[in-house]
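Engineer: Contents are compact mmCIF, C-alpha atoms; file name query_36.txt:
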```txt
# COMPACT_ATOMS: atom_id res chain seq x y z
CA MET A 1 -143.33 3.38 79.25
CA ARG A 2 -139.64 2.57 78.84
CA ASP A 3 -137.14 4.96 77.28
CA ARG A 4 -136.42 3.83 73.70
CA ALA A 5 -132.67 4.23 74.11
CA VAL A 6 -132.72 2.01 77.21
CA VAL A 7 -134.78 -0.63 75.44
CA ARG A 8 -132.50 -0.61 72.43
CA ALA A 9 -129.39 -0.92 74.60
CA ARG A 10 -130.88 -3.95 76.34
CA VAL A 11 -131.79 -5.56 73.01
CA GLU A 12 -128.37 -4.91 71.47
CA GLY A 13 -126.76 -6.53 74.50
CA ILE A 14 -128.84 -9.64 73.93
CA THR A 15 -125.85 -11.93 73.37
CA LYS A 16 -125.02 -11.61 77.05
CA ILE A 17 -128.61 -12.07 78.15
CA LEU A 18 -129.19 -15.15 76.01
CA THR A 19 -125.81 -16.68 76.82
CA ILE A 20 -125.16 -17.59 73.20
CA PRO A 21 -122.34 -20.16 73.17
CA THR A 22 -118.81 -19.05 72.29
CA ILE A 23 -118.79 -21.34 69.27
CA VAL A 24 -121.78 -19.48 67.81
CA GLY A 25 -119.84 -16.23 68.08
CA ARG A 26 -116.86 -17.78 66.29
CA ILE A 27 -119.03 -19.15 63.50
CA THR A 28 -120.84 -15.87 62.88
CA THR A 29 -117.49 -14.06 62.76
CA MET A 30 -116.15 -16.60 60.25
CA VAL A 31 -119.20 -16.24 58.01
CA SER A 32 -119.09 -12.45 58.19
CA SER A 33 -115.42 -12.29 57.25
CA GLY A 34 -116.06 -13.44 53.69
CA THR A 35 -112.62 -15.07 53.55
CA VAL A 36 -113.39 -18.42 55.14
CA SER A 37 -114.50 -21.36 53.02
CA ALA A 38 -117.81 -23.18 53.41
CA GLY A 39 -115.89 -26.31 54.37
CA GLU A 40 -114.07 -24.53 57.21
CA ILE A 41 -117.33 -23.12 58.55
CA ALA A 42 -118.98 -26.53 58.30
CA ASP A 43 -116.07 -28.08 60.21
CA GLU A 44 -116.48 -25.48 62.97
CA ILE A 45 -120.22 -26.16 63.27
CA GLY A 46 -119.45 -29.87 63.35
CA LYS A 47 -117.35 -29.46 66.49
CA ASP A 48 -120.57 -29.01 68.45
CA GLN A 49 -122.76 -32.06 67.84
CA ILE A 50 -125.84 -30.46 69.42
CA LEU A 51 -125.50 -27.29 67.34
CA ALA A 52 -124.92 -29.28 64.16
CA ALA A 53 -127.99 -31.39 64.87
CA LYS A 54 -130.14 -28.30 65.44
CA VAL A 55 -128.99 -26.66 62.21
CA LEU A 56 -129.67 -29.83 60.21
CA LYS A 57 -133.08 -30.16 61.86
CA LEU A 58 -133.96 -26.62 60.82
CA VAL A 59 -132.68 -27.08 57.28
CA ASN A 60 -134.69 -30.29 56.90
CA SER A 61 -137.87 -28.90 58.44
CA GLY A 62 -141.00 -28.42 56.37
CA PHE A 63 -140.69 -24.76 55.47
CA TYR A 64 -137.68 -25.32 53.20
CA GLY A 65 -139.38 -28.07 51.26
CA PHE A 66 -136.25 -29.80 49.92
CA ARG A 67 -137.21 -33.09 48.32
CA GLN A 68 -134.12 -34.98 49.51
CA PRO A 69 -132.81 -34.92 53.09
CA ILE A 70 -129.78 -32.70 53.72
CA SER A 71 -127.33 -34.70 55.79
CA THR A 72 -124.26 -32.45 55.99
CA ILE A 73 -123.65 -28.84 56.97
CA THR A 74 -121.50 -28.36 53.86
CA HIS A 75 -124.43 -29.40 51.66
CA ALA A 76 -126.68 -27.00 53.56
CA MET A 77 -124.26 -24.15 52.95
CA VAL A 78 -124.08 -24.89 49.24
CA LEU A 79 -127.87 -24.87 48.95
CA LEU A 80 -128.68 -21.99 51.28
CA GLY A 81 -125.64 -19.72 51.28
CA ASN A 82 -123.55 -18.29 54.09
CA ASP A 83 -126.01 -15.66 55.28
CA VAL A 84 -128.85 -18.16 55.73
CA VAL A 85 -126.63 -20.68 57.52
CA LYS A 86 -125.35 -17.92 59.79
CA THR A 87 -128.92 -17.01 60.66
CA LEU A 88 -129.79 -20.67 61.26
CA VAL A 89 -126.89 -20.94 63.70
CA LEU A 90 -128.10 -17.90 65.61
CA THR A 91 -131.69 -19.07 65.47
CA SER A 92 -130.72 -22.43 66.94
CA SER A 93 -129.67 -20.59 70.09
CA VAL A 94 -133.05 -18.90 70.31
CA LEU A 95 -134.73 -22.32 70.08
CA ASP A 96 -133.48 -23.15 73.56
CA ILE A 97 -135.16 -20.05 74.96
CA VAL A 98 -138.45 -20.79 73.23
CA SER A 99 -138.55 -24.41 74.40
CA ALA A 100 -138.23 -23.28 78.01
CA MET A 101 -141.06 -20.75 77.83
CA ASN A 102 -144.81 -21.01 78.31
CA GLU A 103 -147.58 -22.07 75.97
CA HIS A 104 -147.97 -18.52 74.64
CA ILE A 105 -144.43 -18.59 73.26
CA LYS A 106 -144.90 -22.14 71.98
CA GLY A 107 -147.92 -20.92 70.03
CA LEU A 108 -145.87 -18.03 68.70
CA TRP A 109 -143.18 -20.43 67.48
CA GLU A 110 -145.80 -22.53 65.69
CA HIS A 111 -147.14 -19.37 64.07
CA SER A 112 -143.61 -18.45 62.96
CA ILE A 113 -142.97 -21.90 61.47
CA GLY A 114 -146.30 -21.77 59.63
CA THR A 115 -145.52 -18.29 58.33
CA ALA A 116 -142.11 -19.48 57.19
CA ARG A 117 -143.52 -22.41 55.27
CA LEU A 118 -146.27 -20.33 53.67
CA ALA A 119 -143.84 -17.51 52.80
CA GLY A 120 -141.60 -20.03 51.06
CA THR A 121 -144.53 -21.38 49.07
CA LEU A 122 -145.72 -17.89 48.07
CA ALA A 123 -142.17 -17.00 47.08
CA GLN A 124 -142.09 -19.96 44.73
CA LYS A 125 -145.48 -19.08 43.26
CA THR A 126 -144.37 -15.50 42.60
CA GLU A 127 -141.02 -16.75 41.23
CA ALA A 128 -139.19 -14.57 43.75
CA LYS A 129 -135.45 -14.93 44.08
CA ASN A 130 -134.06 -16.99 46.98
CA PRO A 131 -137.30 -18.50 48.35
CA GLU A 132 -135.27 -20.21 51.09
CA GLU A 133 -134.20 -16.83 52.43
CA ILE A 134 -137.77 -15.55 52.28
CA ALA A 135 -138.90 -18.60 54.27
CA LEU A 136 -136.26 -17.74 56.85
CA CYS A 137 -137.60 -14.17 57.01
CA GLY A 138 -140.97 -15.70 57.81
CA LEU A 139 -139.43 -17.78 60.56
CA LEU A 140 -137.82 -14.71 62.13
CA HIS A 141 -140.57 -12.14 61.54
CA ASP A 142 -141.83 -12.20 65.15
CA ILE A 143 -138.50 -12.81 66.89
CA GLY A 144 -138.94 -9.43 68.58
CA LYS A 145 -141.89 -10.87 70.52
CA VAL A 146 -139.68 -13.64 71.90
CA ILE A 147 -137.02 -11.12 72.89
CA ILE A 148 -139.55 -8.85 74.62
CA ALA A 149 -140.90 -11.81 76.60
CA GLN A 150 -137.43 -12.96 77.64
CA THR A 151 -135.79 -9.59 78.25
CA PHE A 152 -138.66 -7.53 79.64
CA PRO A 153 -140.82 -10.02 81.56
CA GLU A 154 -142.71 -7.41 83.62
CA GLU A 155 -143.56 -5.34 80.57
CA HIS A 156 -144.45 -8.50 78.66
CA ALA A 157 -146.94 -9.45 81.38
CA GLU A 158 -148.45 -5.97 81.15
CA ILE A 159 -148.62 -6.27 77.35
CA ARG A 160 -150.56 -9.53 77.75
CA ARG A 161 -152.96 -7.88 80.19
CA THR A 162 -153.43 -4.91 77.84
CA VAL A 163 -154.20 -7.20 74.88
CA SER A 164 -156.80 -9.00 76.97
CA ALA A 165 -158.39 -5.87 78.42
CA ARG A 166 -158.53 -3.88 75.18
CA ASN A 167 -158.91 -6.78 72.72
CA CYS A 168 -156.25 -5.05 70.64
CA LEU A 169 -153.35 -6.16 68.48
CA GLN A 170 -150.21 -7.06 70.42
CA ILE A 171 -148.22 -4.49 68.47
CA GLU A 172 -150.55 -1.77 69.80
CA ALA A 173 -150.11 -3.00 73.37
CA GLU A 174 -146.33 -3.09 72.91
CA GLN A 175 -146.30 0.55 71.86
CA ALA A 176 -148.50 1.55 74.80
CA VAL A 177 -146.54 -0.39 77.44
CA LEU A 178 -142.95 -0.53 76.19
CA GLY A 179 -142.77 2.40 73.81
CA VAL A 180 -141.40 0.21 71.01
CA THR A 181 -142.82 -2.66 68.95
CA HIS A 182 -141.63 -6.19 68.20
CA PRO A 183 -140.62 -5.36 64.58
CA GLU A 184 -138.30 -2.65 65.94
CA VAL A 185 -136.86 -4.99 68.56
CA GLY A 186 -136.32 -7.69 65.94
CA MET A 187 -134.64 -5.18 63.62
CA TRP A 188 -132.26 -3.99 66.37
CA LEU A 189 -131.28 -7.54 67.26
CA LEU A 190 -130.70 -8.74 63.70
CA LYS A 191 -128.69 -5.62 62.85
CA LYS A 192 -126.56 -6.21 65.93
CA TRP A 193 -126.01 -9.74 64.67
CA SER A 194 -124.75 -8.16 61.39
CA LEU A 195 -127.34 -9.89 59.25
CA PRO A 196 -127.96 -8.50 55.74
CA ALA A 197 -130.78 -6.07 54.98
CA SER A 198 -132.42 -8.76 52.83
CA LEU A 199 -133.20 -10.58 56.09
CA VAL A 200 -133.58 -7.57 58.38
CA ASN A 201 -136.04 -5.49 56.35
CA PRO A 202 -138.86 -8.06 56.16
CA VAL A 203 -138.62 -8.50 59.94
CA ALA A 204 -138.56 -4.74 60.51
CA TYR A 205 -141.43 -3.84 58.19
CA HIS A 206 -143.73 -6.86 57.93
CA SER A 207 -146.35 -4.97 59.98
CA ASN A 208 -145.72 -1.60 58.30
CA PHE A 209 -145.30 -2.37 54.62
CA HIS A 210 -144.34 0.28 52.09
CA PRO A 211 -143.66 -0.61 48.42
CA ARG A 212 -140.73 1.81 48.07
CA ARG A 213 -138.56 0.30 50.81
CA ASP A 214 -135.64 -1.95 49.93
CA PHE A 215 -136.61 -5.63 49.63
CA ALA A 216 -140.29 -4.70 49.46
CA ASP A 217 -141.05 -7.78 47.36
CA ARG A 218 -140.01 -10.25 50.06
CA THR A 219 -141.46 -8.04 52.80
CA ALA A 220 -144.80 -8.20 50.99
CA ILE A 221 -144.63 -12.00 50.96
CA VAL A 222 -143.92 -12.18 54.69
CA HIS A 223 -146.68 -9.64 55.41
CA VAL A 224 -149.27 -11.64 53.47
CA ALA A 225 -148.10 -15.01 54.86
CA ASP A 226 -148.26 -13.68 58.41
CA ILE A 227 -151.82 -12.39 58.04
CA LEU A 228 -153.05 -15.53 56.28
CA CYS A 229 -151.64 -17.68 59.07
CA ARG A 230 -153.28 -15.44 61.67
CA ALA A 231 -156.60 -15.65 59.83
CA LYS A 232 -156.37 -19.46 59.76
CA GLY A 233 -155.33 -19.68 63.40
CA VAL A 234 -151.93 -21.20 62.71
CA GLY A 235 -150.25 -21.11 66.11
CA TYR A 236 -150.84 -18.01 68.23
CA ALA A 237 -149.38 -14.60 67.36
CA GLY A 238 -150.22 -13.01 70.71
CA ASP A 239 -153.75 -11.71 70.14
CA HIS A 240 -157.04 -12.69 68.55
CA ARG A 241 -157.20 -9.86 66.03
CA ILE A 242 -156.35 -10.01 62.33
CA PRO A 243 -154.38 -6.99 61.05
CA ALA A 244 -155.54 -5.26 57.89
CA LEU A 245 -154.00 -6.64 54.72
CA ASN A 246 -151.91 -3.97 53.00
CA ARG A 247 -153.30 -3.49 49.49
CA ASP A 248 -149.92 -2.55 48.03
CA ALA A 249 -148.36 -5.71 49.44
CA TRP A 250 -151.16 -7.84 48.02
CA ALA A 251 -150.89 -6.17 44.62
CA MET A 252 -147.14 -6.73 44.55
CA LEU A 253 -147.59 -10.51 44.80
CA ARG A 254 -149.85 -10.67 41.71
CA LEU A 255 -151.50 -13.87 42.89
CA ASP A 256 -155.14 -14.86 42.56
CA MET A 257 -157.35 -16.56 45.13
CA ASP A 258 -156.76 -19.98 43.59
CA ASP A 259 -153.03 -19.58 44.23
CA ILE A 260 -153.73 -18.65 47.85
CA ALA A 261 -156.18 -21.50 48.35
CA GLU A 262 -153.65 -24.00 47.02
CA ALA A 263 -150.87 -22.62 49.22
CA MET A 264 -153.08 -22.73 52.32
CA ALA A 265 -154.23 -26.27 51.53
CA ASN A 266 -150.59 -27.37 51.26
CA LEU A 267 -149.81 -25.76 54.62
CA GLU A 268 -152.78 -27.44 56.29
CA ASP A 269 -151.64 -30.80 54.90
CA GLU A 270 -148.17 -30.23 56.34
CA ILE A 271 -149.60 -29.32 59.74
CA ARG A 272 -151.68 -32.50 59.78
CA SER A 273 -148.53 -34.42 58.79
CA GLY A 274 -146.60 -33.11 61.79
CA LEU A 275 -145.06 -29.78 60.76
CA PHE A 276 -144.85 -28.73 64.41
CA ALA A 277 -143.62 -32.07 65.73
```
Kindly present the structure from the file in structure tokens form.

Structural biologist:
Amino acid sequence: MRDRAVVRARVEGITKILTIPTIVGRITTMVSSGTVSAGEIADEIGKDQILAAKVLKLVNSGFYGFRQPISTITHAMVLLGNDVVKTLVLTSSVLDIVSAMNEHIKGLWEHSIGTARLAGTLAQKTEAKNPEEIALCGLLHDIGKVIIAQTFPEEHAEIRRTVSARNCLQIEAEQAVLGVTHPEVGMWLLKKWSLPASLVNPVAYHSNFHPRRDFADRTAIVHVADILCRAKGVGYAGDHRIPALNRDAWAMLRLDMDDIAEAMANLEDEIRSGLFA
């Protein structure tokens, strides 16, 4: 088992490991400053055609559900806000890592996209504030699993073997092998990226929900969306078990089974229509 401090240091140094482009660093600094206009940030993103294309692809993907295509970064920033665009820029760098990995990680990415789309739908049904941000929380909820696979390949292989041998949840195997879990790793990374608690907390606590934590409402949505997607086999979350649904999280949503059935039917329609294409 690794020392927690060593693991955290490796995770917080992730920008070097992932070779995030210099332009991404400049953009995140501009967004964080709070003194730079949306137009200036959009211009900076536009200097890198590949990055701009990736951000627009993410913004126009199914889990946001905008009725009209978004064709400019400036428009995206107006609709989504600086924090979400900043996260999209950072996430676009992680996409390169995912695309180069094996089928296990590909399945994880499909699970994350499905969770994002379902979280956005549940957010709308519960009339939660900023459903786009909640969808983004769903997209990022398992980012710690990607980081573990990329940063600790030997331990990741042992985690996979442990899941298979014990038929346990991946989070249990992570604790046994690495001494930390993917929600913790995701939390450390997103905090290092200076993302707001409204995005960090649902990632950190989606597997360990408590109603008295900050941003519990959106964490509950991500928790429920994650488990529903696992139950329906949307992508592959790393194991074949379904975690217990937290009763407090379910109660917080105040939805009935008809609402859930409709949301799941919409997700299945989107998958058949090419959500993962």

Engineer: Would you pick out the contacts of His141 in chain A at 10 Å or less, using all atoms listed in the file, so that residues sharing its chain but fewer than 4 positions from it are not included, and give the list as a VMD selection string?

Structural biologist: chain A and resid 112 115 to 116 135 to 137 145 182 to 183 186 to 187 199 to 207 219 222 to 223 226

Engineer: Give me the residues within 12 Å of Phe66 in chain A as a PDB file with C-alpha atoms, in the coordinates of the input, counting all atoms listed in the file and dropping any in the same chain fewer than 3 places off.

Structural biologist:
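After the write, part05.pdb holds the following:
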```
ATOM      1  CA  LEU A  58    -133.960 -26.620  60.820  1.00  0.00           C
ATOM      2  CA  VAL A  59    -132.680 -27.080  57.280  1.00  0.00           C
ATOM      3  CA  ASN A  60    -134.690 -30.290  56.900  1.00  0.00           C
ATOM      4  CA  SER A  61    -137.870 -28.900  58.440  1.00  0.00           C
ATOM      5  CA  GLY A  62    -141.000 -28.420  56.370  1.00  0.00           C
ATOM      6  CA  PHE A  63    -140.690 -24.760  55.470  1.00  0.00           C
ATOM      7  CA  PRO A  69    -132.810 -34.920  53.090  1.00  0.00           C
ATOM      8  CA  ILE A  70    -129.780 -32.700  53.720  1.00  0.00           C
ATOM      9  CA  SER A  71    -127.330 -34.700  55.790  1.00  0.00           C
ATOM     10  CA  HIS A  75    -124.430 -29.400  51.660  1.00  0.00           C
ATOM     11  CA  ALA A  76    -126.680 -27.000  53.560  1.00  0.00           C
ATOM     12  CA  LEU A  79    -127.870 -24.870  48.950  1.00  0.00           C
ATOM     13  CA  LEU A  80    -128.680 -21.990  51.280  1.00  0.00           C
ATOM     14  CA  ARG A 117    -143.520 -22.410  55.270  1.00  0.00           C
ATOM     15  CA  GLY A 120    -141.600 -20.030  51.060  1.00  0.00           C
ATOM     16  CA  THR A 121    -144.530 -21.380  49.070  1.00  0.00           C
ATOM     17  CA  PRO A 131    -137.300 -18.500  48.350  1.00  0.00           C
ATOM     18  CA  GLU A 132    -135.270 -20.210  51.090  1.00  0.00           C
TER      19      GLU A 132
END
```

Engineer: From the list A:Leu178, A:Leu275, A:Leu189, A:Ala42, which residue is nearest Val234 in chain A when using only C-alpha atoms?

Structural biologist: A:Leu275

Engineer: Between CA of Glu172 in chain A and CA of Thr151 in chain A, what is the spacing in Å?

Structural biologist: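 These atoms are spaced 18.7 Å apart.
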
Engineer: Mind giving me the straight-line distance from CA of Ser273 in chain A to CA of Ile227 in chain A in Å, one decimal?

Structural biologist: 22.3 Å

Engineer: Enter the distance from CA of Ile148 in chain A to CA of Arg213 in chain A, in Å, rounded to one decimal.

Structural biologist: 25.5 Å

Engineer: Using all atoms listed in the file, which of A:Arg10, A:Arg2, A:His111, A:His210 sits nearest Gln150 in chain A?

Structural biologist: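 Nearest candidate to Gln150 in chain A out of A:Arg10, A:Arg2, A:His111, A:His210: A:Arg10.
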